Every structure is written in C-alpha cells, then in structure tokens.
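Trainee: Questions regarding the structure given below will be posed in turn.
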Amino acid sequence: MSDRKIIAVVGATGAQGGGLVRAILADPGGGFSVRAITRDVNSEKARALAQLGAEVVAADIDDEASLAAALKGAYGAYFVTFFWAHFSPGKEKAEVRSMAAAAKATGIKHVIWSTLEDTRQWVPLSDERMPTLMGEYKVPHFDAKGESNKVFTGLGVPTTFLFTSFYWDNLVYFGMGPKKDPDGKLAFTLPMGDKKLAGMAAEDIGKCAYGIFKKGSEYIGKSVGIAGEHLTGKQMADALSKALGQAVYYNAVSPETYRSFGFPGADDLGNMFQFYRDFEQVFCAARDLDLSRTLNPELQTFATWLARNGKRIPLE
C-alpha cells in the first residue's frame, strides 16, 4: 500500500465522490489508494466504504484546517461542493476557497475540481430573457462554481476542471421522473423544446475522474467535459416508455412555466434548463462523448442506466 498514490475524495458518500471511491477500490492494480473524506465517519455510507477497503477520514470543508489535515500525504484530491444542501452560492464559493487553500498548503499534485459553466458569460445580468436570481446570478448553482475556477488558478494549484452533466439519477432522487398528468398519463416534463440535454449516470462522473487521475499530468490545467449521451426530451421519454413498460410522453413546457412550479430551487433549475436549451451547441460541444468513453470504457448510455435503475424511479 505504501507505494500507492493516495487520492483524497471530498463528498465520498455522495454520488460523484462515491463513484470515484468505488472506481479506485475496484482497480487494486491501478497504483492508487483512496481516502474517503466525510463529515461523519460513522454514517452508514461511510462505514460501507470502509468495509470496501477505503481509508475513511473526518473533515469539514467549511474548516480549512480540518481539511488540510485530511489531505496531508495525498497525491491527488477530488473536490465537489454541495449547493443543494444549503442553496447558498456564497457558501459554495467559501467552500471552494477552503478546498483550494488546503490543497495548496498540503502540496497536492493533482486536483480534479467538479465545476460547471458561469452562465453569465453567455447571459449577462442585464439580459432580461432570463430572470436574475439572488441579485447577482442567472443560474446560481452553475455560476458560483464557474466563478470559482479562478481560485485554483490564482493559487497555482495543479487542477483539472471537470465539467459535469445532468444526472439521470435526478429521475430517482430529485423528483424529475415521469409524473401522472390529470388524465392519468405519464408525462416527462422538461423546458427544453427539441434541444438535446447532456446527461449521464452520476456514478460515471467518478469513473471518468479516475480515468483522468490515471492519465497523470495530461489533463492538469485543462477543462474536460463529460457526458453519457446528448438526448432530446422526446428521446428520453421514448427510452423511459421502453424501460418502464408503459407509455411516457414528453411534456415540453416553457422555462417560465418550470420556474413557476414552486419547489425549492425551481427558479434556479428553470434558468438552468433555459441555458441548456438556448446554448445547446455550446453546452453539448463542451461534453465530448468519445473522450468520456475513453476515460471510462464502462460509460453507460441512458438505456443502459434505465435497465439498471428504471424500477427505482418513483412514478407519481
């Protein structure tokens, strides 16, 4: 074990981090070991990772000193933030500053930072086609991440900027799966028109990240976009129909309608989908399917993911 490079994984019990932890553990000859960083080492998920062979260490990304202690001796680190736990772009940006500073202080050789576009580069705050949220963002959970990329660069932290995609797992956990309309028919609702959505299995994000670590310094200082497939809402609805064994139709609503749905974050997500729709070519082109498959040969298509997870999607 002593000659293996340690990869420290923030959010190790979450979707992205957990995928990376399991990818490293599944490749004992790969030259890496994994240190799972979590707030609660006694949680069920943390204990499960320990049983699989991960070193599990407690740290709080809001506390730079505790994070630096957890990173000590590691070769690489995977950093991700947790916007949906608090809905605060300011807190998210503070977490990035803490992670970047801890990585710099401990001499981490390769950081992978899970980020997204700062949509204000394409939709300035003055652009009234999309409402401004919280006074300074268009898509808060995108913009805070994209704005924070410069923190790593400014500190000189050797970083790969990993641009992720829409999680298909949101259909299971985030209430985005098909729902029964007033006529009892299953509707899959997105404000995407006929544009394609770059999506992927959350687990595959971690596997792609592992592929980047295995490439050594090749992607340091570079942006890498990943996805499993680029699909229209209708294509997704058709795949859902086949997997679920019952008809699902695509309910293409406007972003304005989606923002009005009223669940926590509906305005943020409505703006997000509007950005996906209005800048489909930019967003999808930045997420290369061939490169994603090179990094992760086990990359799932939507149909593959549905075959494994379709029965877990709650149908309301």
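Ligands are numbered from 1 in the order shown, chains are lettered A, B, ... in the order of the structure tokens, and residues start at 1 in each chain.
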Mind listing the strand (DSSP E) residues of segment 65-174 of chain A, per DSSP on the backbone, as a VMD selection string?

Mentor: chain A and resid 76 to 79 110 to 115 159 to 163 166 to 167

Trainee: Taking into account only C-alpha atoms, which residue in the set A:Leu269, A:Ile37, A:Ile220, A:Ala50 is nearest to Pro131 of chain A?

Mentor: A:Leu269

Trainee: Residues near Cys284 of chain A, anyone? I mean within 9 Å using only C-alpha atoms, not counting same-chain ones fewer than 6 positions away, as a list in words.

Mentor: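 Contacts, in chain order: Lys196, Leu197, Ala198, Gly225, Ala227, His230 and Tyr276 of chain A.
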
Trainee: Which of these, A:Lys5, A:His86, A:Arg129, A:Arg120, has the shortest distance to Ala74 of chain A once you count only C-alpha atoms?

Mentor: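 Under the stated criterion, the closest residue is A:Lys5.
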
Trainee: Write down as a PDB file with N, CA and C atoms, in the first residue's frame the residues belonging to segment 121-253 of chain A that are assigned alpha helix (DSSP H) by DSSP computed on the backbone.

Mentor:
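Saved result, part_29.pdb, follows:
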ATOM      1  N   PRO A 140     -27.611  30.145 -10.231  1.00  0.00           N
ATOM      2  CA  PRO A 140     -26.721  30.219  -9.072  1.00  0.00           C
ATOM      3  C   PRO A 140     -25.830  28.998  -8.878  1.00  0.00           C
ATOM      4  N   HIS A 141     -26.378  27.790  -9.037  1.00  0.00           N
ATOM      5  CA  HIS A 141     -25.563  26.606  -8.731  1.00  0.00           C
ATOM      6  C   HIS A 141     -24.555  26.304  -9.849  1.00  0.00           C
ATOM      7  N   PHE A 142     -24.707  26.940 -11.001  1.00  0.00           N
ATOM      8  CA  PHE A 142     -23.665  26.911 -12.034  1.00  0.00           C
ATOM      9  C   PHE A 142     -22.654  28.040 -11.811  1.00  0.00           C
ATOM     10  N   ASP A 143     -23.184  29.236 -11.694  1.00  0.00           N
ATOM     11  CA  ASP A 143     -22.345  30.434 -11.727  1.00  0.00           C
ATOM     12  C   ASP A 143     -21.316  30.472 -10.602  1.00  0.00           C
ATOM     13  N   ALA A 144     -21.724  30.042  -9.403  1.00  0.00           N
ATOM     14  CA  ALA A 144     -20.793  30.068  -8.271  1.00  0.00           C
ATOM     15  C   ALA A 144     -19.618  29.129  -8.509  1.00  0.00           C
ATOM     16  N   LYS A 145     -19.889  27.988  -9.131  1.00  0.00           N
ATOM     17  CA  LYS A 145     -18.803  27.042  -9.442  1.00  0.00           C
ATOM     18  C   LYS A 145     -17.891  27.629 -10.520  1.00  0.00           C
ATOM     19  N   GLY A 146     -18.494  28.086 -11.616  1.00  0.00           N
ATOM     20  CA  GLY A 146     -17.691  28.629 -12.703  1.00  0.00           C
ATOM     21  C   GLY A 146     -16.855  29.821 -12.266  1.00  0.00           C
ATOM     22  N   GLU A 147     -17.442  30.688 -11.455  1.00  0.00           N
ATOM     23  CA  GLU A 147     -16.713  31.853 -10.940  1.00  0.00           C
ATOM     24  C   GLU A 147     -15.526  31.423 -10.083  1.00  0.00           C
ATOM     25  N   SER A 148     -15.650  30.256  -9.445  1.00  0.00           N
ATOM     26  CA  SER A 148     -14.626  29.796  -8.504  1.00  0.00           C
ATOM     27  C   SER A 148     -13.440  29.111  -9.177  1.00  0.00           C
ATOM     28  N   ASN A 149     -13.535  28.834 -10.471  1.00  0.00           N
ATOM     29  CA  ASN A 149     -12.409  28.183 -11.156  1.00  0.00           C
ATOM     30  C   ASN A 149     -11.116  28.968 -10.959  1.00  0.00           C
ATOM     31  N   LYS A 150     -11.256  30.293 -10.974  1.00  0.00           N
ATOM     32  CA  LYS A 150     -10.068  31.158 -10.886  1.00  0.00           C
ATOM     33  C   LYS A 150      -9.372  31.057  -9.535  1.00  0.00           C
ATOM     34  N   VAL A 151     -10.063  30.549  -8.524  1.00  0.00           N
ATOM     35  CA  VAL A 151      -9.442  30.403  -7.210  1.00  0.00           C
ATOM     36  C   VAL A 151      -8.283  29.409  -7.291  1.00  0.00           C
ATOM     37  N   PHE A 152      -8.527  28.278  -7.952  1.00  0.00           N
ATOM     38  CA  PHE A 152      -7.477  27.266  -8.099  1.00  0.00           C
ATOM     39  C   PHE A 152      -6.330  27.807  -8.951  1.00  0.00           C
ATOM     40  N   THR A 153      -6.678  28.459 -10.051  1.00  0.00           N
ATOM     41  CA  THR A 153      -5.663  29.013 -10.939  1.00  0.00           C
ATOM     42  C   THR A 153      -4.839  30.072 -10.222  1.00  0.00           C
ATOM     43  N   GLY A 154      -5.529  30.932  -9.485  1.00  0.00           N
ATOM     44  CA  GLY A 154      -4.849  32.013  -8.799  1.00  0.00           C
ATOM     45  C   GLY A 154      -3.865  31.540  -7.749  1.00  0.00           C
ATOM     46  N   LEU A 155      -4.179  30.411  -7.107  1.00  0.00           N
ATOM     47  CA  LEU A 155      -3.284  29.868  -6.084  1.00  0.00           C
ATOM     48  C   LEU A 155      -2.196  28.968  -6.682  1.00  0.00           C
ATOM     49  N   ASN A 170     -31.247  12.078 -11.122  1.00  0.00           N
ATOM     50  CA  ASN A 170     -32.243  13.043 -10.661  1.00  0.00           C
ATOM     51  C   ASN A 170     -33.662  12.522 -10.859  1.00  0.00           C
ATOM     52  N   LEU A 171     -33.826  11.578 -11.794  1.00  0.00           N
ATOM     53  CA  LEU A 171     -35.147  10.994 -12.008  1.00  0.00           C
ATOM     54  C   LEU A 171     -35.568  10.130 -10.823  1.00  0.00           C
ATOM     55  N   VAL A 172     -34.570   9.627 -10.095  1.00  0.00           N
ATOM     56  CA  VAL A 172     -34.843   8.793  -8.919  1.00  0.00           C
ATOM     57  C   VAL A 172     -34.961   9.649  -7.657  1.00  0.00           C
ATOM     58  N   TYR A 173     -33.995  10.556  -7.460  1.00  0.00           N
ATOM     59  CA  TYR A 173     -33.855  11.232  -6.167  1.00  0.00           C
ATOM     60  C   TYR A 173     -34.371  12.662  -6.122  1.00  0.00           C
ATOM     61  N   ALA A 202     -24.591   9.450 -12.533  1.00  0.00           N
ATOM     62  CA  ALA A 202     -23.725  10.124 -11.560  1.00  0.00           C
ATOM     63  C   ALA A 202     -22.488   9.287 -11.239  1.00  0.00           C
ATOM     64  N   GLU A 203     -22.668   7.983 -11.165  1.00  0.00           N
ATOM     65  CA  GLU A 203     -21.557   7.085 -10.856  1.00  0.00           C
ATOM     66  C   GLU A 203     -20.442   7.198 -11.897  1.00  0.00           C
ATOM     67  N   ASP A 204     -20.825   7.464 -13.146  1.00  0.00           N
ATOM     68  CA  ASP A 204     -19.839   7.545 -14.220  1.00  0.00           C
ATOM     69  C   ASP A 204     -18.978   8.801 -14.124  1.00  0.00           C
ATOM     70  N   ILE A 205     -19.455   9.821 -13.408  1.00  0.00           N
ATOM     71  CA  ILE A 205     -18.626  11.007 -13.195  1.00  0.00           C
ATOM     72  C   ILE A 205     -17.373  10.597 -12.426  1.00  0.00           C
ATOM     73  N   GLY A 206     -17.562   9.821 -11.366  1.00  0.00           N
ATOM     74  CA  GLY A 206     -16.424   9.349 -10.585  1.00  0.00           C
ATOM     75  C   GLY A 206     -15.497   8.463 -11.392  1.00  0.00           C
ATOM     76  N   LYS A 207     -16.077   7.620 -12.243  1.00  0.00           N
ATOM     77  CA  LYS A 207     -15.252   6.737 -13.069  1.00  0.00           C
ATOM     78  C   LYS A 207     -14.442   7.534 -14.094  1.00  0.00           C
ATOM     79  N   CYS A 208     -15.044   8.589 -14.652  1.00  0.00           N
ATOM     80  CA  CYS A 208     -14.297   9.444 -15.579  1.00  0.00           C
ATOM     81  C   CYS A 208     -13.182  10.184 -14.839  1.00  0.00           C
ATOM     82  N   ALA A 209     -13.474  10.625 -13.628  1.00  0.00           N
ATOM     83  CA  ALA A 209     -12.447  11.301 -12.826  1.00  0.00           C
ATOM     84  C   ALA A 209     -11.273  10.358 -12.569  1.00  0.00           C
ATOM     85  N   TYR A 210     -11.569   9.093 -12.287  1.00  0.00           N
ATOM     86  CA  TYR A 210     -10.497   8.126 -12.081  1.00  0.00           C
ATOM     87  C   TYR A 210      -9.668   7.978 -13.357  1.00  0.00           C
ATOM     88  N   GLY A 211     -10.333   7.971 -14.499  1.00  0.00           N
ATOM     89  CA  GLY A 211      -9.621   7.908 -15.770  1.00  0.00           C
ATOM     90  C   GLY A 211      -8.666   9.082 -15.951  1.00  0.00           C
ATOM     91  N   ILE A 212      -9.074  10.256 -15.470  1.00  0.00           N
ATOM     92  CA  ILE A 212      -8.205  11.443 -15.551  1.00  0.00           C
ATOM     93  C   ILE A 212      -7.001  11.274 -14.639  1.00  0.00           C
ATOM     94  N   PHE A 213      -7.215  10.808 -13.417  1.00  0.00           N
ATOM     95  CA  PHE A 213      -6.085  10.588 -12.500  1.00  0.00           C
ATOM     96  C   PHE A 213      -5.088   9.583 -13.093  1.00  0.00           C
ATOM     97  N   LYS A 214      -5.625   8.570 -13.756  1.00  0.00           N
ATOM     98  CA  LYS A 214      -4.738   7.545 -14.318  1.00  0.00           C
ATOM     99  C   LYS A 214      -3.886   8.084 -15.472  1.00  0.00           C
ATOM    100  N   GLY A 233     -35.660  15.682 -25.046  1.00  0.00           N
ATOM    101  CA  GLY A 233     -36.677  15.248 -24.087  1.00  0.00           C
ATOM    102  C   GLY A 233     -37.522  14.126 -24.649  1.00  0.00           C
ATOM    103  N   LYS A 234     -37.843  14.190 -25.948  1.00  0.00           N
ATOM    104  CA  LYS A 234     -38.640  13.122 -26.558  1.00  0.00           C
ATOM    105  C   LYS A 234     -37.870  11.805 -26.580  1.00  0.00           C
ATOM    106  N   GLN A 235     -36.574  11.871 -26.899  1.00  0.00           N
ATOM    107  CA  GLN A 235     -35.769  10.651 -26.887  1.00  0.00           C
ATOM    108  C   GLN A 235     -35.715  10.047 -25.483  1.00  0.00           C
ATOM    109  N   MET A 236     -35.632  10.892 -24.485  1.00  0.00           N
ATOM    110  CA  MET A 236     -35.620  10.388 -23.107  1.00  0.00           C
ATOM    111  C   MET A 236     -36.970   9.779 -22.741  1.00  0.00           C
ATOM    112  N   ALA A 237     -38.057  10.442 -23.154  1.00  0.00           N
ATOM    113  CA  ALA A 237     -39.389   9.907 -22.876  1.00  0.00           C
ATOM    114  C   ALA A 237     -39.597   8.565 -23.564  1.00  0.00           C
ATOM    115  N   ASP A 238     -39.125   8.440 -24.799  1.00  0.00           N
ATOM    116  CA  ASP A 238     -39.255   7.169 -25.529  1.00  0.00           C
ATOM    117  C   ASP A 238     -38.467   6.063 -24.821  1.00  0.00           C
ATOM    118  N   ALA A 239     -37.263   6.398 -24.349  1.00  0.00           N
ATOM    119  CA  ALA A 239     -36.455   5.403 -23.631  1.00  0.00           C
ATOM    120  C   ALA A 239     -37.117   5.018 -22.320  1.00  0.00           C
ATOM    121  N   LEU A 240     -37.730   5.992 -21.656  1.00  0.00           N
ATOM    122  CA  LEU A 240     -38.457   5.703 -20.413  1.00  0.00           C
ATOM    123  C   LEU A 240     -39.650   4.785 -20.687  1.00  0.00           C
ATOM    124  N   SER A 241     -40.363   5.040 -21.761  1.00  0.00           N
ATOM    125  CA  SER A 241     -41.507   4.190 -22.124  1.00  0.00           C
ATOM    126  C   SER A 241     -41.070   2.737 -22.283  1.00  0.00           C
ATOM    127  N   LYS A 242     -39.983   2.540 -22.998  1.00  0.00           N
ATOM    128  CA  LYS A 242     -39.484   1.185 -23.252  1.00  0.00           C
ATOM    129  C   LYS A 242     -39.031   0.516 -21.954  1.00  0.00           C
ATOM    130  N   ALA A 243     -38.322   1.269 -21.119  1.00  0.00           N
ATOM    131  CA  ALA A 243     -37.773   0.685 -19.890  1.00  0.00           C
ATOM    132  C   ALA A 243     -38.848   0.402 -18.846  1.00  0.00           C
ATOM    133  N   LEU A 244     -39.847   1.277 -18.781  1.00  0.00           N
ATOM    134  CA  LEU A 244     -40.880   1.146 -17.747  1.00  0.00           C
ATOM    135  C   LEU A 244     -42.048   0.269 -18.197  1.00  0.00           C
TER     136      LEU A 244
END

Trainee: Figure out the distance between atom CA of Ser292 of chain A and atom CA of Leu306 of chain A, please, to one decimal in Å.

Mentor: 19.0 Å

Trainee: Between A:Glu256, A:Val9, A:Glu218, A:Met200, single out the one closest to Asp268 of chain A, counting only C-alpha atoms.

Mentor: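 Checking each of A:Glu256, A:Val9, A:Glu218, A:Met200 against Asp268 of chain A, counting only C-alpha atoms, the winner is A:Glu256.
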
Trainee: Compare A:Met134, A:Leu49, A:Ala286, A:Val157 by their minimum atom-to-atom distance to Gly90 of chain A, counting only C-alpha atoms, and give me the closest one.

Mentor: A:Met134
